[in-house]
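Trainee: My structure is in my_file-v6.tsv, and what it holds is TSV, C-alpha atoms (C1' of nucleotides):
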chain	number	residue	atom	x	y	z
A	1	MET	CA	21.06	32.59	10.21
A	2	ASP	CA	21.10	35.18	7.48
A	3	PHE	CA	18.81	38.16	7.41
A	4	ASN	CA	16.81	36.73	4.53
A	5	GLN	CA	16.47	33.42	6.31
A	6	LYS	CA	14.96	35.19	9.31
A	7	VAL	CA	12.51	36.99	7.07
A	8	TRP	CA	11.42	33.84	5.26
A	9	ASN	CA	11.26	31.92	8.51
A	10	SER	CA	8.98	34.53	10.05
A	11	ILE	CA	6.69	34.62	7.03
A	12	LYS	CA	6.54	30.84	6.95
A	13	LYS	CA	4.88	30.91	10.37
A	14	ILE	CA	1.93	32.89	9.09
A	15	PRO	CA	-1.11	30.58	9.32
A	16	LYS	CA	-3.47	30.12	6.40
A	17	GLY	CA	-6.21	32.71	6.27
A	18	LYS	CA	-4.03	35.21	8.10
A	19	ILE	CA	-1.66	37.91	6.87
A	20	SER	CA	1.11	40.14	8.14
A	21	THR	CA	2.80	43.40	7.25
A	22	TYR	CA	6.35	44.19	6.25
A	23	LYS	CA	6.76	46.34	9.32
A	24	LEU	CA	5.63	43.56	11.60
A	25	VAL	CA	8.01	41.06	10.03
A	26	ALA	CA	10.87	43.56	10.19
A	27	LYS	CA	10.11	44.24	13.82
A	28	LYS	CA	9.94	40.57	14.61
A	29	ILE	CA	13.43	39.92	13.29
A	30	GLY	CA	14.74	42.79	15.39
A	31	LYS	CA	15.05	45.40	12.63
A	32	PRO	CA	11.82	47.45	12.52
A	33	LYS	CA	13.50	49.80	10.08
A	34	ALA	CA	14.45	47.06	7.64
A	35	VAL	CA	11.05	47.02	5.94
A	36	ARG	CA	12.81	47.67	2.63
A	37	ALA	CA	15.16	44.78	3.17
A	38	VAL	CA	12.20	42.57	4.06
A	39	GLY	CA	10.49	43.42	0.80
A	40	ASN	CA	13.75	42.64	-0.97
A	41	ALA	CA	14.04	39.26	0.70
A	42	CYS	CA	10.48	38.33	-0.28
A	43	ASN	CA	10.97	39.43	-3.85
A	44	LYS	CA	14.07	37.27	-4.16
A	45	ASN	CA	12.72	34.50	-1.99
A	46	PRO	CA	13.58	31.16	-3.70
A	47	PHE	CA	10.84	29.42	-1.69
A	48	SER	CA	7.84	30.92	-3.48
A	49	PRO	CA	5.39	28.12	-2.51
A	50	LEU	CA	7.08	27.40	0.80
A	51	VAL	CA	7.17	31.01	1.94
A	52	PRO	CA	3.72	32.64	1.61
A	53	CYS	CA	5.07	36.07	0.75
A	54	HIS	CA	1.64	36.83	-0.71
A	55	ARG	CA	0.33	36.98	2.86
A	56	VAL	CA	2.57	39.94	3.58
A	57	VAL	CA	1.17	43.39	2.78
A	58	LYS	CA	1.98	47.02	3.52
A	59	SER	CA	1.25	48.55	6.91
A	60	ASP	CA	-1.85	50.28	5.56
A	61	GLY	CA	-3.32	47.07	4.21
A	62	SER	CA	-2.51	47.69	0.57
A	63	ILE	CA	-1.04	44.83	-1.49
A	64	GLY	CA	2.18	46.59	-2.33
A	65	GLY	CA	3.57	44.34	-5.04
A	66	PHE	CA	4.36	40.79	-6.00
A	67	ALA	CA	7.00	39.06	-8.13
A	68	PHE	CA	4.25	37.25	-10.05
A	69	GLY	CA	2.04	40.33	-10.28
A	70	LYS	CA	-0.29	42.00	-7.81
A	71	LYS	CA	-3.25	40.48	-9.58
A	72	LYS	CA	-1.88	37.01	-8.92
A	73	LYS	CA	-1.20	37.89	-5.32
A	74	ILE	CA	-4.78	39.03	-4.83
A	75	GLU	CA	-6.07	35.82	-6.36
A	76	LEU	CA	-3.94	33.78	-4.00
A	77	LEU	CA	-5.17	35.77	-1.02
A	78	LYS	CA	-8.78	35.30	-2.05
A	79	LYS	CA	-8.05	31.60	-2.39
A	80	GLU	CA	-6.80	31.66	1.19
A	81	GLY	CA	-10.07	33.21	2.31
A	82	ILE	CA	-8.81	36.79	2.41
A	83	GLN	CA	-10.91	39.34	0.52
A	84	VAL	CA	-9.17	42.12	-1.36
A	85	LYS	CA	-10.92	45.38	-2.19
A	86	LYS	CA	-9.35	47.75	-4.69
A	87	GLY	CA	-5.84	46.52	-4.04
A	88	LYS	CA	-6.33	46.61	-0.29
A	89	ILE	CA	-7.02	43.87	2.23
A	90	ASN	CA	-10.62	43.79	3.34
A	91	GLY	CA	-10.45	44.07	7.15
A	92	PHE	CA	-6.78	43.24	7.25
A	93	GLU	CA	-6.47	44.66	10.75
A	94	GLU	CA	-8.47	41.67	11.98
A	95	LYS	CA	-6.46	39.17	9.95
A	96	VAL	CA	-3.04	40.51	10.78
A	97	TYR	CA	-0.96	37.82	12.43
A	98	TYR	CA	1.81	38.65	14.84
A	99	GLU	CA	3.08	35.99	17.19
B	1	DG	C1'	34.23	50.97	-0.72
B	2	DT	C1'	30.50	53.43	-3.21
B	3	DC	C1'	26.17	53.73	-5.95
B	4	DG	C1'	21.67	52.41	-7.44
B	5	DT	C1'	17.50	49.86	-6.64
B	6	DG	C1'	13.33	47.90	-4.26
B	7	DA	C1'	7.11	44.00	-2.67
B	8	DC	C1'	8.44	50.16	2.74
B	9	DT	C1'	7.18	53.80	6.41
B	10	DA	C1'	6.24	58.09	8.44
B	11	DG	C1'	5.92	62.94	8.07
B	12	DC	C1'	4.65	67.17	5.65
B	13	DC	C1'	2.23	70.02	2.19
C	1	DC	C1'	-6.74	62.01	-0.64
C	2	DG	C1'	-2.62	62.34	-3.50
C	3	DG	C1'	2.24	63.52	-4.13
C	4	DC	C1'	7.02	64.43	-2.37
C	5	DT	C1'	10.96	63.81	0.89
C	6	DA	C1'	14.01	61.69	4.02
C	7	DG	C1'	15.37	57.62	6.54
C	8	DC	C1'	15.89	52.84	6.78
C	9	DC	C1'	18.22	47.90	5.38
C	10	DA	C1'	20.20	44.31	2.31
C	11	DC	C1'	22.09	43.03	-2.15
C	12	DG	C1'	24.47	43.11	-6.62
C	13	DA	C1'	27.52	45.54	-9.85
Please render this file's structure as structure tokens.
Mentor:
Amino acid sequence: MDFNQKVWNSIKKIPKGKISTYKLVAKKIGKPKAVRAVGNACNKNPFSPLVPCHRVVKSDGSIGGFAFGKKKKIELLKKEGIQVKKGKINGFEEKVYYE
DNA sequence: GTCGTGACTAGCC
DNA sequence: CGGCTAGCCACGA
């Protein structure tokens, strides 16, 4: 199991309507300091529709970025039932998912 | 083997 | 609240 695989696998488990943070994902795979690597994995993730990388945001609730554009990411989140306010998740602390 | 880059984080000013 | 710095990890050239 490669590092990226772990990242994608963890993100895949995020249920619809919920989100997670890079730090959480990194911590879950046993490398809480690999937040940068996690972001890298998501950006290069070849499973765009399979891996909901758009449900992963920064630790402070901000969007961060997205390969298809932050705007697109926000739209997707809103579609999932997650409200975004000024580039930040609306009440993300209550929607954060961590096994 | 080394360097640069990135969807990051935490600390400090 | 905004900006800067250092530390962190993986990947490609």
Trainee: Residues of chain C that approach chain B to 9 Å or less, counting all atoms listed in the file: could you list each one with the shortest pair of atoms and its distance in Å to one decimal, rows by chain and increasing residue number, as CSV?
Mentor:
residue,atom,partner,partner_atom,distance
C:DC4,C1',B:DC13,C1',8.7
C:DT5,C1',B:DC12,C1',8.6
C:DC8,C1',B:DT9,C1',8.8
Trainee: Fewer than 2 positions away in the same chain doesn't count, so skip those; otherwise give me all residues within 9 Å of segment 5-17 of chain A, counting only C-alpha atoms (C1' of nucleotides), as an MDAnalysis selection string.
Mentor: chainID A and resid 1:3 19:20 25:26 28:29 38 41:42 45 47 50:53 55:56 77 79:82 95 97:99
Trainee: Write out as a list of chain:residue names every residue belonging to chain C that has an atom at most 12 Å from any atom of chain A, counting only C-alpha atoms (C1' of nucleotides).
Mentor: C:DG7, C:DC8, C:DC9, C:DA10, C:DC11
Trainee: By how many Å are atom CA of Val57 of chain A and atom C1' of DG2 of chain C apart?
Mentor: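 About the pair atom CA of Val57 of chain A and atom C1' of DG2 of chain C: they are 20.3 Å apart.
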Trainee: Calculate how many Å separate atom CA of Gln83 of chain A from atom CA of Pro46 of chain A, rounding to one decimal.
Mentor: 26.2 Å
Trainee: Which one of A:Ala67, A:Leu24, A:Ile89, A:Val84 sits closest to chain B if you count only C-alpha atoms (C1' of nucleotides)?
Mentor: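 Nearest candidate to chain B out of A:Ala67, A:Leu24, A:Ile89, A:Val84: A:Ala67.
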Trainee: Between A:Pro49, A:Gly64, A:Gly69, A:Gly87, which is the closest to chain B once you count only C-alpha atoms (C1' of nucleotides)?
Mentor: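 Among the listed residues, the smallest separation from chain B belongs to A:Gly64.
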Trainee: In Å, rounded to a single decimal, give me how far atom CA of Lys88 of chain A is from atom CA of Glu75 of chain A.
Mentor: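 So the two atoms, atom CA of Glu75 of chain A and atom CA of Lys88 of chain A, lie 12.4 Å apart.
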